[in-house]
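Participant: Coordinates in target.txt, compact mmCIF, C-alpha atoms and all ligand atoms, are listed below.
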```txt
# COMPACT_ATOMS: atom_id res chain seq x y z
CA MET A 1 -24.49 3.90 -192.23
CA ASN A 2 -21.48 6.23 -192.18
CA ARG A 3 -22.45 9.63 -193.61
CA GLN A 4 -19.56 11.55 -195.09
CA ARG A 5 -18.98 14.74 -193.13
CA ASN A 6 -19.23 18.17 -194.74
CA ARG A 7 -15.99 19.82 -195.79
CA THR A 8 -14.93 22.59 -193.43
CA ALA A 9 -13.45 25.87 -194.65
CA LEU A 10 -11.69 28.45 -192.52
CA VAL A 11 -11.61 32.03 -193.81
CA THR A 12 -9.31 34.59 -192.18
CA GLY A 13 -10.16 38.29 -192.01
CA ALA A 14 -13.81 37.39 -192.43
CA SER A 15 -15.39 40.19 -190.39
CA ARG A 16 -16.14 42.17 -193.56
CA GLY A 17 -15.40 42.62 -197.26
CA ILE A 18 -14.21 39.79 -199.49
CA GLY A 19 -13.61 37.47 -196.52
CA LEU A 20 -17.18 37.77 -195.27
CA GLU A 21 -18.55 37.31 -198.79
CA THR A 22 -16.37 34.21 -199.22
CA VAL A 23 -17.89 32.80 -196.02
CA ARG A 24 -21.36 33.48 -197.44
CA GLN A 25 -20.56 31.79 -200.76
CA LEU A 26 -18.97 28.73 -199.17
CA ASP A 27 -21.88 28.40 -196.74
CA ARG A 28 -24.29 28.58 -199.67
CA ALA A 29 -22.26 25.87 -201.40
CA GLY A 30 -22.94 23.62 -198.39
CA LEU A 31 -19.60 23.73 -196.58
CA ASP A 32 -19.21 24.16 -192.85
CA VAL A 33 -17.39 27.45 -192.42
CA VAL A 34 -15.20 28.87 -189.68
CA LEU A 35 -15.52 32.65 -189.85
CA ALA A 36 -12.21 33.75 -188.36
CA ALA A 37 -11.82 37.34 -187.21
CA ARG A 38 -9.26 39.09 -185.07
CA ASP A 39 -12.10 40.73 -183.13
CA LEU A 40 -14.64 38.23 -181.87
CA THR A 41 -17.37 40.85 -181.42
CA ARG A 42 -17.01 42.01 -185.04
CA GLY A 43 -16.86 38.40 -186.20
CA ARG A 44 -20.03 37.47 -184.33
CA ALA A 45 -21.86 40.50 -185.65
CA ALA A 46 -20.84 39.57 -189.20
CA ALA A 47 -21.97 35.96 -188.72
CA ARG A 48 -25.36 37.08 -187.37
CA GLY A 49 -25.99 38.76 -190.71
CA LEU A 50 -25.51 35.44 -192.51
CA ASP A 51 -27.71 33.50 -190.09
CA SER A 52 -26.47 29.99 -190.87
CA PRO A 53 -26.12 27.07 -188.45
CA ARG A 54 -23.07 25.89 -190.43
CA ILE A 55 -21.01 28.99 -189.56
CA ARG A 56 -18.82 29.00 -186.48
CA VAL A 57 -16.98 32.12 -185.37
CA GLU A 58 -13.41 31.95 -184.11
CA GLU A 59 -10.96 34.57 -182.93
CA LEU A 60 -7.82 34.59 -185.07
CA ASP A 61 -5.31 37.40 -185.45
CA VAL A 62 -3.01 36.33 -188.27
CA THR A 63 -0.16 38.50 -186.97
CA ASP A 64 -0.11 36.59 -183.69
CA ALA A 65 1.37 33.07 -183.83
CA GLU A 66 -0.23 32.19 -180.48
CA SER A 67 -3.62 33.28 -181.72
CA VAL A 68 -3.27 31.04 -184.81
CA GLU A 69 -2.14 28.08 -182.68
CA ALA A 70 -4.91 28.62 -180.12
CA CYS A 71 -7.55 28.71 -182.86
CA ALA A 72 -6.18 25.52 -184.44
CA GLN A 73 -6.18 23.86 -181.00
CA ARG A 74 -9.79 24.86 -180.22
CA LEU A 75 -10.92 23.41 -183.54
CA ALA A 76 -8.92 20.21 -183.00
CA ASP A 77 -10.35 19.88 -179.47
CA ASP A 78 -13.85 20.07 -180.96
CA GLY A 79 -12.99 17.48 -183.62
CA ILE A 80 -13.14 20.02 -186.46
CA GLU A 81 -10.78 19.32 -189.33
CA CYS A 82 -9.93 22.20 -191.62
CA ASP A 83 -10.17 21.02 -195.24
CA VAL A 84 -10.09 24.43 -196.87
CA LEU A 85 -8.05 27.45 -195.82
CA VAL A 86 -8.70 30.89 -197.27
CA ASN A 87 -5.93 33.34 -196.38
CA ASN A 88 -7.86 36.53 -196.90
CA ALA A 89 -6.84 38.83 -194.03
CA GLY A 90 -4.94 41.78 -195.39
CA ILE A 91 -3.98 45.40 -194.95
CA TYR A 92 -3.26 48.00 -197.61
CA PRO A 93 -0.62 50.56 -196.69
CA THR A 94 -0.40 53.12 -199.48
CA VAL A 95 2.82 54.87 -198.45
CA SER A 96 5.33 55.34 -201.28
CA TYR A 97 8.76 53.73 -201.00
CA PHE A 98 10.85 56.67 -199.74
CA SER A 99 8.22 57.62 -197.15
CA LEU A 100 7.89 54.05 -195.92
CA ASP A 101 9.20 53.38 -192.43
CA GLU A 102 10.20 49.96 -191.18
CA ASP A 103 7.18 49.66 -188.93
CA ILE A 104 4.70 49.94 -191.81
CA MET A 105 6.77 47.58 -193.94
CA ARG A 106 6.91 45.04 -191.13
CA ARG A 107 3.16 45.29 -190.49
CA ALA A 108 2.39 44.70 -194.17
CA LEU A 109 4.64 41.64 -194.28
CA ASP A 110 3.41 40.38 -190.91
CA THR A 111 -0.23 40.46 -192.03
CA ASN A 112 -0.17 39.80 -195.77
CA LEU A 113 2.70 37.30 -195.89
CA MET A 114 3.43 35.92 -192.43
CA GLY A 115 -0.28 35.52 -191.67
CA ALA A 116 -0.58 32.95 -194.46
CA PHE A 117 2.78 31.46 -193.53
CA ARG A 118 1.45 30.80 -190.00
CA THR A 119 -1.94 29.43 -190.99
CA CYS A 120 -0.47 27.18 -193.69
CA GLN A 121 1.94 25.73 -191.14
CA ALA A 122 -0.94 25.19 -188.73
CA PHE A 123 -3.49 23.65 -191.11
CA CYS A 124 -1.74 22.16 -194.17
CA PRO A 125 -0.10 19.16 -192.44
CA GLY A 126 -3.56 17.90 -191.41
CA MET A 127 -4.83 18.30 -194.96
CA ALA A 128 -1.84 16.39 -196.32
CA GLN A 129 -2.38 13.64 -193.78
CA ARG A 130 -6.08 13.29 -194.58
CA GLY A 131 -5.47 13.42 -198.34
CA TYR A 132 -7.63 16.44 -199.11
CA GLY A 133 -7.00 20.16 -198.93
CA ARG A 134 -7.61 23.46 -200.68
CA VAL A 135 -5.68 26.62 -199.86
CA VAL A 136 -6.51 29.98 -201.39
CA ASN A 137 -4.19 32.90 -200.81
CA VAL A 138 -6.02 36.13 -201.54
CA SER A 139 -3.35 38.06 -203.34
CA SER A 140 -3.44 40.93 -205.82
CA GLY A 141 -2.38 41.76 -209.33
CA LEU A 142 -0.56 44.65 -207.64
CA GLY A 143 1.95 42.07 -206.42
CA ALA A 144 2.57 40.61 -209.90
CA LEU A 145 6.13 40.77 -211.22
CA THR A 146 5.22 40.33 -214.89
CA GLY A 147 4.52 43.65 -216.59
CA ASN A 148 4.08 45.37 -213.24
CA VAL A 149 6.12 47.03 -210.52
CA PRO A 150 4.65 45.77 -207.23
CA SER A 151 2.83 48.70 -205.66
CA PRO A 152 2.15 50.49 -203.39
CA ALA A 153 5.56 49.43 -202.13
CA ALA A 154 4.81 47.59 -198.87
CA TYR A 155 1.56 46.12 -200.18
CA GLY A 156 2.98 45.09 -203.55
CA ILE A 157 6.07 43.50 -202.03
CA SER A 158 3.97 41.63 -199.45
CA LYS A 159 1.64 40.25 -202.15
CA ALA A 160 4.59 39.30 -204.41
CA ALA A 161 5.97 37.39 -201.42
CA LEU A 162 2.56 35.81 -200.79
CA ASN A 163 2.62 34.60 -204.40
CA ALA A 164 6.05 33.07 -203.77
CA LEU A 165 4.70 31.41 -200.62
CA THR A 166 1.84 29.98 -202.69
CA LEU A 167 4.33 28.20 -204.95
CA VAL A 168 6.47 27.05 -202.04
CA VAL A 169 3.52 25.55 -200.13
CA SER A 170 2.02 23.99 -203.27
CA ALA A 171 5.35 22.19 -203.84
CA ALA A 172 5.59 21.09 -200.20
CA VAL A 173 2.24 19.26 -200.02
CA PRO A 174 0.93 16.21 -201.87
CA ALA A 175 -1.14 16.73 -205.05
CA SER A 176 -4.32 16.09 -203.04
CA VAL A 177 -3.81 19.53 -201.46
CA LYS A 178 -4.31 22.31 -204.00
CA VAL A 179 -2.68 25.63 -203.20
CA ASN A 180 -3.47 28.64 -205.37
CA ALA A 181 -3.47 32.42 -205.28
CA ALA A 182 -6.37 34.63 -206.34
CA CYS A 183 -6.64 38.23 -207.41
CA PRO A 184 -10.20 39.35 -206.70
CA GLY A 185 -9.92 42.39 -208.98
CA TRP A 186 -10.53 45.93 -207.72
CA VAL A 187 -13.42 45.40 -205.36
CA ARG A 188 -15.82 47.76 -203.55
CA THR A 189 -14.87 47.13 -199.91
CA ASP A 190 -13.41 49.29 -197.14
CA MET A 191 -10.03 48.56 -198.75
CA GLY A 192 -11.02 48.97 -202.38
CA GLY A 193 -13.18 52.03 -201.82
CA ARG A 194 -16.56 53.05 -203.22
CA GLY A 195 -15.20 53.81 -206.68
CA ALA A 196 -14.04 50.24 -207.36
CA PRO A 197 -15.74 48.68 -210.38
CA THR A 198 -16.26 45.18 -208.97
CA GLY A 199 -18.90 44.14 -206.46
CA VAL A 200 -17.96 41.94 -203.55
CA GLU A 201 -19.91 38.95 -204.88
CA GLU A 202 -17.89 38.90 -208.11
CA GLY A 203 -14.68 39.70 -206.17
CA ALA A 204 -15.09 36.63 -203.97
CA ASP A 205 -16.16 34.35 -206.82
CA THR A 206 -12.68 33.20 -207.90
CA VAL A 207 -11.71 32.76 -204.24
CA SER A 208 -14.64 30.47 -203.45
CA TRP A 209 -14.20 28.65 -206.79
CA LEU A 210 -10.57 27.83 -205.90
CA ALA A 211 -11.72 26.78 -202.42
CA ARG A 212 -13.98 24.12 -204.00
CA LEU A 213 -11.77 22.87 -206.83
CA PRO A 214 -12.37 19.28 -207.93
CA ASP A 215 -9.54 16.75 -207.58
CA SER A 216 -8.64 17.40 -211.22
CA GLY A 217 -8.23 21.14 -210.52
CA PRO A 218 -5.02 23.14 -210.76
CA THR A 219 -2.45 23.80 -208.07
CA GLY A 220 0.38 26.33 -207.81
CA GLY A 221 -1.43 28.92 -209.95
CA PHE A 222 -2.52 32.56 -209.83
CA PHE A 223 -6.10 33.26 -210.94
CA ARG A 224 -8.44 36.16 -211.65
CA ASN A 225 -11.99 35.72 -212.97
CA ARG A 226 -11.39 31.95 -212.79
CA ARG A 227 -8.58 32.31 -215.36
CA ARG A 228 -4.86 31.82 -214.87
CA ILE A 229 -2.83 35.04 -214.83
CA ASP A 230 0.93 35.71 -214.81
CA TRP A 231 2.77 35.93 -211.51
P1 LIG B 1 -11.14 44.98 -196.05
O1 LIG B 1 -12.54 45.29 -196.37
O2 LIG B 1 -10.23 46.07 -195.58
O3 LIG B 1 -11.11 43.78 -195.00
C1 LIG B 1 -9.89 43.32 -194.51
C2 LIG B 1 -10.17 42.21 -193.54
O4 LIG B 1 -8.91 41.73 -193.03
C3 LIG B 1 -10.99 42.65 -192.33
O5 LIG B 1 -11.89 41.62 -191.99
C4 LIG B 1 -9.94 42.83 -191.25
O6 LIG B 1 -10.44 42.64 -189.93
C5 LIG B 1 -9.01 41.69 -191.61
N1 LIG B 1 -7.70 41.78 -190.98
C6 LIG B 1 -6.78 42.76 -191.09
N2 LIG B 1 -5.72 42.48 -190.31
C7 LIG B 1 -5.99 41.29 -189.71
C8 LIG B 1 -5.29 40.48 -188.80
N3 LIG B 1 -4.10 40.82 -188.30
N4 LIG B 1 -5.84 39.30 -188.42
C9 LIG B 1 -7.04 38.92 -188.89
N5 LIG B 1 -7.78 39.68 -189.73
C10 LIG B 1 -7.24 40.84 -190.14
O7 LIG B 1 -10.40 44.36 -197.33
P2 LIG B 1 -10.93 43.49 -198.57
O8 LIG B 1 -11.04 44.39 -199.73
O9 LIG B 1 -12.08 42.64 -198.17
O10 LIG B 1 -9.63 42.60 -198.82
C11 LIG B 1 -9.55 41.23 -198.51
C12 LIG B 1 -8.33 40.65 -199.19
O11 LIG B 1 -8.42 40.90 -200.61
C13 LIG B 1 -7.02 41.30 -198.75
O12 LIG B 1 -6.02 40.34 -198.63
C14 LIG B 1 -6.70 42.25 -199.89
O13 LIG B 1 -5.32 42.55 -199.98
C15 LIG B 1 -7.22 41.50 -201.07
N6 LIG B 1 -7.50 42.35 -202.24
C16 LIG B 1 -8.47 43.30 -202.18
C17 LIG B 1 -8.72 44.09 -203.29
C18 LIG B 1 -9.79 45.15 -203.32
O14 LIG B 1 -9.90 45.87 -204.33
N7 LIG B 1 -10.62 45.29 -202.28
C19 LIG B 1 -7.96 43.91 -204.47
C20 LIG B 1 -6.97 42.93 -204.47
C21 LIG B 1 -6.76 42.14 -203.36
P3 LIG B 1 -11.00 43.86 -189.01
O15 LIG B 1 -12.46 44.00 -189.37
O16 LIG B 1 -10.76 43.36 -187.64
O17 LIG B 1 -10.19 45.08 -189.34
```
Could I get this structure in the form of structure tokens?

Facilitator:
Amino acid sequence: MNRQRNRTALVTGASRGIGLETVRQLDRAGLDVVLAARDLTRGRAAARGLDSPRIRVEELDVTDAESVEACAQRLADDGIECDVLVNNAGIYPTVSYFSLDEDIMRRALDTNLMGAFRTCQAFCPGMAQRGYGRVVNVSSGLGALTGNVPSPAAYGISKAALNALTLVVSAAVPASVKVNAACPGWVRTDMGGRGAPTGVEEGADTVSWLARLPDSGPTGGFFRNRRRIDW
């Protein structure tokens, strides 16, 4: 008898924080998970803490197109099809607009926007072809344009652009591939700091919920606490 294979999720920037917690939640939900990290040693150490046979560690630097392609190729060579993509890798430059140099601006865009641009190009065509896909772009309310000036400048602009990419990709794939953005809230991680009010488990909840949406679920939306919010 043909047993249906597990869904496979790939989470970028999964060496710590919300990415690592998303891996844990998706593993608990029974998915096979690719824990993708730009530093293999850090990725392996993180995976050891989760101790699950369903987790595979891959090197993936989202700022490096060759690294994204090489990761996709290794998975394809091993017959692993990526059904779920969580674009979580991110950096948080806090420099204000007039102190911002081009290098910082470029790095923010390269990681927070172009990272997802690259991975979506690498993995979404396969999802569309197979008739199933879930993409979650881990964004931020700081990038919202409604009732908010995107901030800090480089971060806010990069997340506003990631939100735009979310809509563009959701319109470019068939309805069987659901593409959404999530704001995890202000979360206690290295990025969010110790004073943040939200624990990592709650922060990753909307992300892993969107990663496991049923076929009747939404696409092209922006969500926090499992509720739609304004772009
Ligand atoms: P974090 O603790 O600083 O972790 C960031 C992760 O991204 C790390 O695993 C880091 O890897 C990885 N990363 C950075 N650059 C990368 C690259 N070029 N390629 C691959 N991985 C890369 O941050 P976090 O709080 O978990 O944030 C995760 C996501 O949530 C980000 O997109 C962030 O913007 C978003 N977010 C966070 C908050 C919050 O309050 N924490 C709020 C809103 C949105 P290394 O370990 O190698 O550095």

Participant: Just want the residues within 9 Å of ligand LIG 1 (chain B), written as a PyMOL selection string, counting only C-alpha atoms and all ligand atoms.

Facilitator: chain A and resi 12-21+36-40+42-43+59-64+87-92+107+110-112+115+137-142+155+159+182-193+196-198+200+203-204

Participant: Quick one: write out the picked residues with C-alpha atoms as a PDB file, in the frame of the given file?

Facilitator:
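Ended up saving to part-v3.pdb:
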```
ATOM      1  CA  THR A  12      -9.310  34.590-192.180  1.00  0.00           C
ATOM      2  CA  GLY A  13     -10.160  38.290-192.010  1.00  0.00           C
ATOM      3  CA  ALA A  14     -13.810  37.390-192.430  1.00  0.00           C
ATOM      4  CA  SER A  15     -15.390  40.190-190.390  1.00  0.00           C
ATOM      5  CA  ARG A  16     -16.140  42.170-193.560  1.00  0.00           C
ATOM      6  CA  GLY A  17     -15.400  42.620-197.260  1.00  0.00           C
ATOM      7  CA  ILE A  18     -14.210  39.790-199.490  1.00  0.00           C
ATOM      8  CA  GLY A  19     -13.610  37.470-196.520  1.00  0.00           C
ATOM      9  CA  LEU A  20     -17.180  37.770-195.270  1.00  0.00           C
ATOM     10  CA  GLU A  21     -18.550  37.310-198.790  1.00  0.00           C
ATOM     11  CA  ALA A  36     -12.210  33.750-188.360  1.00  0.00           C
ATOM     12  CA  ALA A  37     -11.820  37.340-187.210  1.00  0.00           C
ATOM     13  CA  ARG A  38      -9.260  39.090-185.070  1.00  0.00           C
ATOM     14  CA  ASP A  39     -12.100  40.730-183.130  1.00  0.00           C
ATOM     15  CA  LEU A  40     -14.640  38.230-181.870  1.00  0.00           C
ATOM     16  CA  ARG A  42     -17.010  42.010-185.040  1.00  0.00           C
ATOM     17  CA  GLY A  43     -16.860  38.400-186.200  1.00  0.00           C
ATOM     18  CA  GLU A  59     -10.960  34.570-182.930  1.00  0.00           C
ATOM     19  CA  LEU A  60      -7.820  34.590-185.070  1.00  0.00           C
ATOM     20  CA  ASP A  61      -5.310  37.400-185.450  1.00  0.00           C
ATOM     21  CA  VAL A  62      -3.010  36.330-188.270  1.00  0.00           C
ATOM     22  CA  THR A  63      -0.160  38.500-186.970  1.00  0.00           C
ATOM     23  CA  ASP A  64      -0.110  36.590-183.690  1.00  0.00           C
ATOM     24  CA  ASN A  87      -5.930  33.340-196.380  1.00  0.00           C
ATOM     25  CA  ASN A  88      -7.860  36.530-196.900  1.00  0.00           C
ATOM     26  CA  ALA A  89      -6.840  38.830-194.030  1.00  0.00           C
ATOM     27  CA  GLY A  90      -4.940  41.780-195.390  1.00  0.00           C
ATOM     28  CA  ILE A  91      -3.980  45.400-194.950  1.00  0.00           C
ATOM     29  CA  TYR A  92      -3.260  48.000-197.610  1.00  0.00           C
ATOM     30  CA  ARG A 107       3.160  45.290-190.490  1.00  0.00           C
ATOM     31  CA  ASP A 110       3.410  40.380-190.910  1.00  0.00           C
ATOM     32  CA  THR A 111      -0.230  40.460-192.030  1.00  0.00           C
ATOM     33  CA  ASN A 112      -0.170  39.800-195.770  1.00  0.00           C
ATOM     34  CA  GLY A 115      -0.280  35.520-191.670  1.00  0.00           C
ATOM     35  CA  ASN A 137      -4.190  32.900-200.810  1.00  0.00           C
ATOM     36  CA  VAL A 138      -6.020  36.130-201.540  1.00  0.00           C
ATOM     37  CA  SER A 139      -3.350  38.060-203.340  1.00  0.00           C
ATOM     38  CA  SER A 140      -3.440  40.930-205.820  1.00  0.00           C
ATOM     39  CA  GLY A 141      -2.380  41.760-209.330  1.00  0.00           C
ATOM     40  CA  LEU A 142      -0.560  44.650-207.640  1.00  0.00           C
ATOM     41  CA  TYR A 155       1.560  46.120-200.180  1.00  0.00           C
ATOM     42  CA  LYS A 159       1.640  40.250-202.150  1.00  0.00           C
ATOM     43  CA  ALA A 182      -6.370  34.630-206.340  1.00  0.00           C
ATOM     44  CA  CYS A 183      -6.640  38.230-207.410  1.00  0.00           C
ATOM     45  CA  PRO A 184     -10.200  39.350-206.700  1.00  0.00           C
ATOM     46  CA  GLY A 185      -9.920  42.390-208.980  1.00  0.00           C
ATOM     47  CA  TRP A 186     -10.530  45.930-207.720  1.00  0.00           C
ATOM     48  CA  VAL A 187     -13.420  45.400-205.360  1.00  0.00           C
ATOM     49  CA  ARG A 188     -15.820  47.760-203.550  1.00  0.00           C
ATOM     50  CA  THR A 189     -14.870  47.130-199.910  1.00  0.00           C
ATOM     51  CA  ASP A 190     -13.410  49.290-197.140  1.00  0.00           C
ATOM     52  CA  MET A 191     -10.030  48.560-198.750  1.00  0.00           C
ATOM     53  CA  GLY A 192     -11.020  48.970-202.380  1.00  0.00           C
ATOM     54  CA  GLY A 193     -13.180  52.030-201.820  1.00  0.00           C
ATOM     55  CA  ALA A 196     -14.040  50.240-207.360  1.00  0.00           C
ATOM     56  CA  PRO A 197     -15.740  48.680-210.380  1.00  0.00           C
ATOM     57  CA  THR A 198     -16.260  45.180-208.970  1.00  0.00           C
ATOM     58  CA  VAL A 200     -17.960  41.940-203.550  1.00  0.00           C
ATOM     59  CA  GLY A 203     -14.680  39.700-206.170  1.00  0.00           C
ATOM     60  CA  ALA A 204     -15.090  36.630-203.970  1.00  0.00           C
TER      61      ALA A 204
END
```

Participant: Record the distance separating atom CA of Gly156 of chain A and atom CA of Val168 of chain A, expressed in Å with one decimal.

Facilitator: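 That distance, rounded to one decimal, is 18.4 Å.
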
Participant: What lies within 8 Å of Thr94 of chain A using all atoms listed in the file, ignoring chain neighbours under 4 positions off, as a compact mmCIF listing (two decimals) with C-alpha atoms, keeping the file's coordinate frame?

Facilitator:
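Printed below is around39.txt as written:
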```txt
# COMPACT_ATOMS: atom_id res chain seq x y z
CA PRO A 152 2.15 50.49 -203.39
CA ALA A 153 5.56 49.43 -202.13
CA ALA A 154 4.81 47.59 -198.87
CA TYR A 155 1.56 46.12 -200.18
```

Participant: What does the distance between atom CA of Glu202 of chain A and atom CA of Phe223 of chain A come to in Å, to one decimal place?

Facilitator: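 Value for the atom CA of Glu202 of chain A-atom CA of Phe223 of chain A distance: 13.4 Å.
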
Participant: Which polymer residues have any atom within 10 Å of an atom of Arg130 of chain A, counting all atoms listed in the file, with same-chain residues fewer than 6 positions away left out, as a list in words?

Facilitator: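 Counting all atoms listed in the file, the residues come to Glu81, Asp83, Cys124, Ser176 and Val177 of chain A.
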
Participant: Compile the contact shell of Arg24 of chain A as a ChimeraX atom specification: residues with an atom at most 9 Å away, counting all atoms listed in the file, same-chain residues fewer than 5 positions apart removed.

Facilitator: /A:19,29,33,50

Participant: Select, from A:Leu31, A:Val179, A:Cys71, A:Ala9, the residue with the minimum atom-to-atom distance to Ala128 of chain A, counting all atoms listed in the file.

Facilitator: A:Val179

Participant: Of the candidates A:Asp205, A:Ala122, A:Val135, A:Leu165, which one gets nearest to Ser67 of chain A if we count only C-alpha atoms?

Facilitator: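 Smallest separation from Ser67 of chain A among the options: A:Ala122.
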
Participant: I need every residue sitting at most 6 Å from the point (-10.2, 30.4, -202.1) (coordinates as in the file, only C-alpha atoms considered), written as a list in words.

Facilitator: Val86, Val136, Val207, Ser208, Leu210 and Ala211 of chain A

Participant: How would segment 43-61 of chain A look with N, CA and C atoms restored, written as a PDB file, in the coordinates of the input?

Facilitator:
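Everything below was put into out-v9.pdb:
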```pdb
ATOM      1  N   GLY A  43     -16.616  39.673-185.517  1.00  0.00           N
ATOM      2  CA  GLY A  43     -16.860  38.400-186.200  1.00  0.00           C
ATOM      3  C   GLY A  43     -18.266  37.887-185.935  1.00  0.00           C
ATOM      4  N   ARG A  44     -18.680  37.961-184.677  1.00  0.00           N
ATOM      5  CA  ARG A  44     -20.030  37.470-184.330  1.00  0.00           C
ATOM      6  C   ARG A  44     -21.102  38.303-184.999  1.00  0.00           C
ATOM      7  N   ALA A  45     -20.880  39.612-185.013  1.00  0.00           N
ATOM      8  CA  ALA A  45     -21.860  40.500-185.650  1.00  0.00           C
ATOM      9  C   ALA A  45     -21.977  40.167-187.139  1.00  0.00           C
ATOM     10  N   ALA A  46     -20.830  39.908-187.771  1.00  0.00           N
ATOM     11  CA  ALA A  46     -20.840  39.570-189.200  1.00  0.00           C
ATOM     12  C   ALA A  46     -21.583  38.249-189.420  1.00  0.00           C
ATOM     13  N   ALA A  47     -21.339  37.277-188.557  1.00  0.00           N
ATOM     14  CA  ALA A  47     -21.970  35.960-188.720  1.00  0.00           C
ATOM     15  C   ALA A  47     -23.485  36.056-188.524  1.00  0.00           C
ATOM     16  N   ARG A  48     -23.915  36.913-187.597  1.00  0.00           N
ATOM     17  CA  ARG A  48     -25.360  37.080-187.370  1.00  0.00           C
ATOM     18  C   ARG A  48     -26.058  37.477-188.659  1.00  0.00           C
ATOM     19  N   GLY A  49     -25.406  38.315-189.444  1.00  0.00           N
ATOM     20  CA  GLY A  49     -25.990  38.760-190.710  1.00  0.00           C
ATOM     21  C   GLY A  49     -26.188  37.617-191.694  1.00  0.00           C
ATOM     22  N   LEU A  50     -25.411  36.565-191.558  1.00  0.00           N
ATOM     23  CA  LEU A  50     -25.510  35.440-192.510  1.00  0.00           C
ATOM     24  C   LEU A  50     -26.491  34.380-192.007  1.00  0.00           C
ATOM     25  N   ASP A  51     -26.680  34.344-190.689  1.00  0.00           N
ATOM     26  CA  ASP A  51     -27.710  33.500-190.090  1.00  0.00           C
ATOM     27  C   ASP A  51     -27.684  32.057-190.615  1.00  0.00           C
ATOM     28  N   SER A  52     -26.554  31.386-190.433  1.00  0.00           N
ATOM     29  CA  SER A  52     -26.470  29.990-190.870  1.00  0.00           C
ATOM     30  C   SER A  52     -25.952  29.122-189.736  1.00  0.00           C
ATOM     31  N   PRO A  53     -26.585  27.965-189.519  1.00  0.00           N
ATOM     32  CA  PRO A  53     -26.120  27.070-188.450  1.00  0.00           C
ATOM     33  C   PRO A  53     -24.765  26.439-188.784  1.00  0.00           C
ATOM     34  N   ARG A  54     -24.339  26.516-190.040  1.00  0.00           N
ATOM     35  CA  ARG A  54     -23.070  25.890-190.430  1.00  0.00           C
ATOM     36  C   ARG A  54     -21.874  26.799-190.205  1.00  0.00           C
ATOM     37  N   ILE A  55     -22.121  28.038-189.747  1.00  0.00           N
ATOM     38  CA  ILE A  55     -21.010  28.990-189.560  1.00  0.00           C
ATOM     39  C   ILE A  55     -20.637  29.059-188.091  1.00  0.00           C
ATOM     40  N   ARG A  56     -19.352  28.897-187.835  1.00  0.00           N
ATOM     41  CA  ARG A  56     -18.820  29.000-186.480  1.00  0.00           C
ATOM     42  C   ARG A  56     -17.809  30.149-186.476  1.00  0.00           C
ATOM     43  N   VAL A  57     -17.865  30.953-185.432  1.00  0.00           N
ATOM     44  CA  VAL A  57     -16.980  32.120-185.370  1.00  0.00           C
ATOM     45  C   VAL A  57     -15.790  31.805-184.454  1.00  0.00           C
ATOM     46  N   GLU A  58     -14.607  32.152-184.918  1.00  0.00           N
ATOM     47  CA  GLU A  58     -13.410  31.950-184.110  1.00  0.00           C
ATOM     48  C   GLU A  58     -12.552  33.204-184.118  1.00  0.00           C
ATOM     49  N   GLU A  59     -11.905  33.458-182.987  1.00  0.00           N
ATOM     50  CA  GLU A  59     -10.960  34.570-182.930  1.00  0.00           C
ATOM     51  C   GLU A  59      -9.630  34.123-183.540  1.00  0.00           C
ATOM     52  N   LEU A  60      -9.106  34.926-184.457  1.00  0.00           N
ATOM     53  CA  LEU A  60      -7.820  34.590-185.070  1.00  0.00           C
ATOM     54  C   LEU A  60      -7.186  35.865-185.612  1.00  0.00           C
ATOM     55  N   ASP A  61      -6.095  36.273-184.961  1.00  0.00           N
ATOM     56  CA  ASP A  61      -5.310  37.400-185.450  1.00  0.00           C
ATOM     57  C   ASP A  61      -4.118  36.805-186.186  1.00  0.00           C
TER      58      ASP A  61
END
```
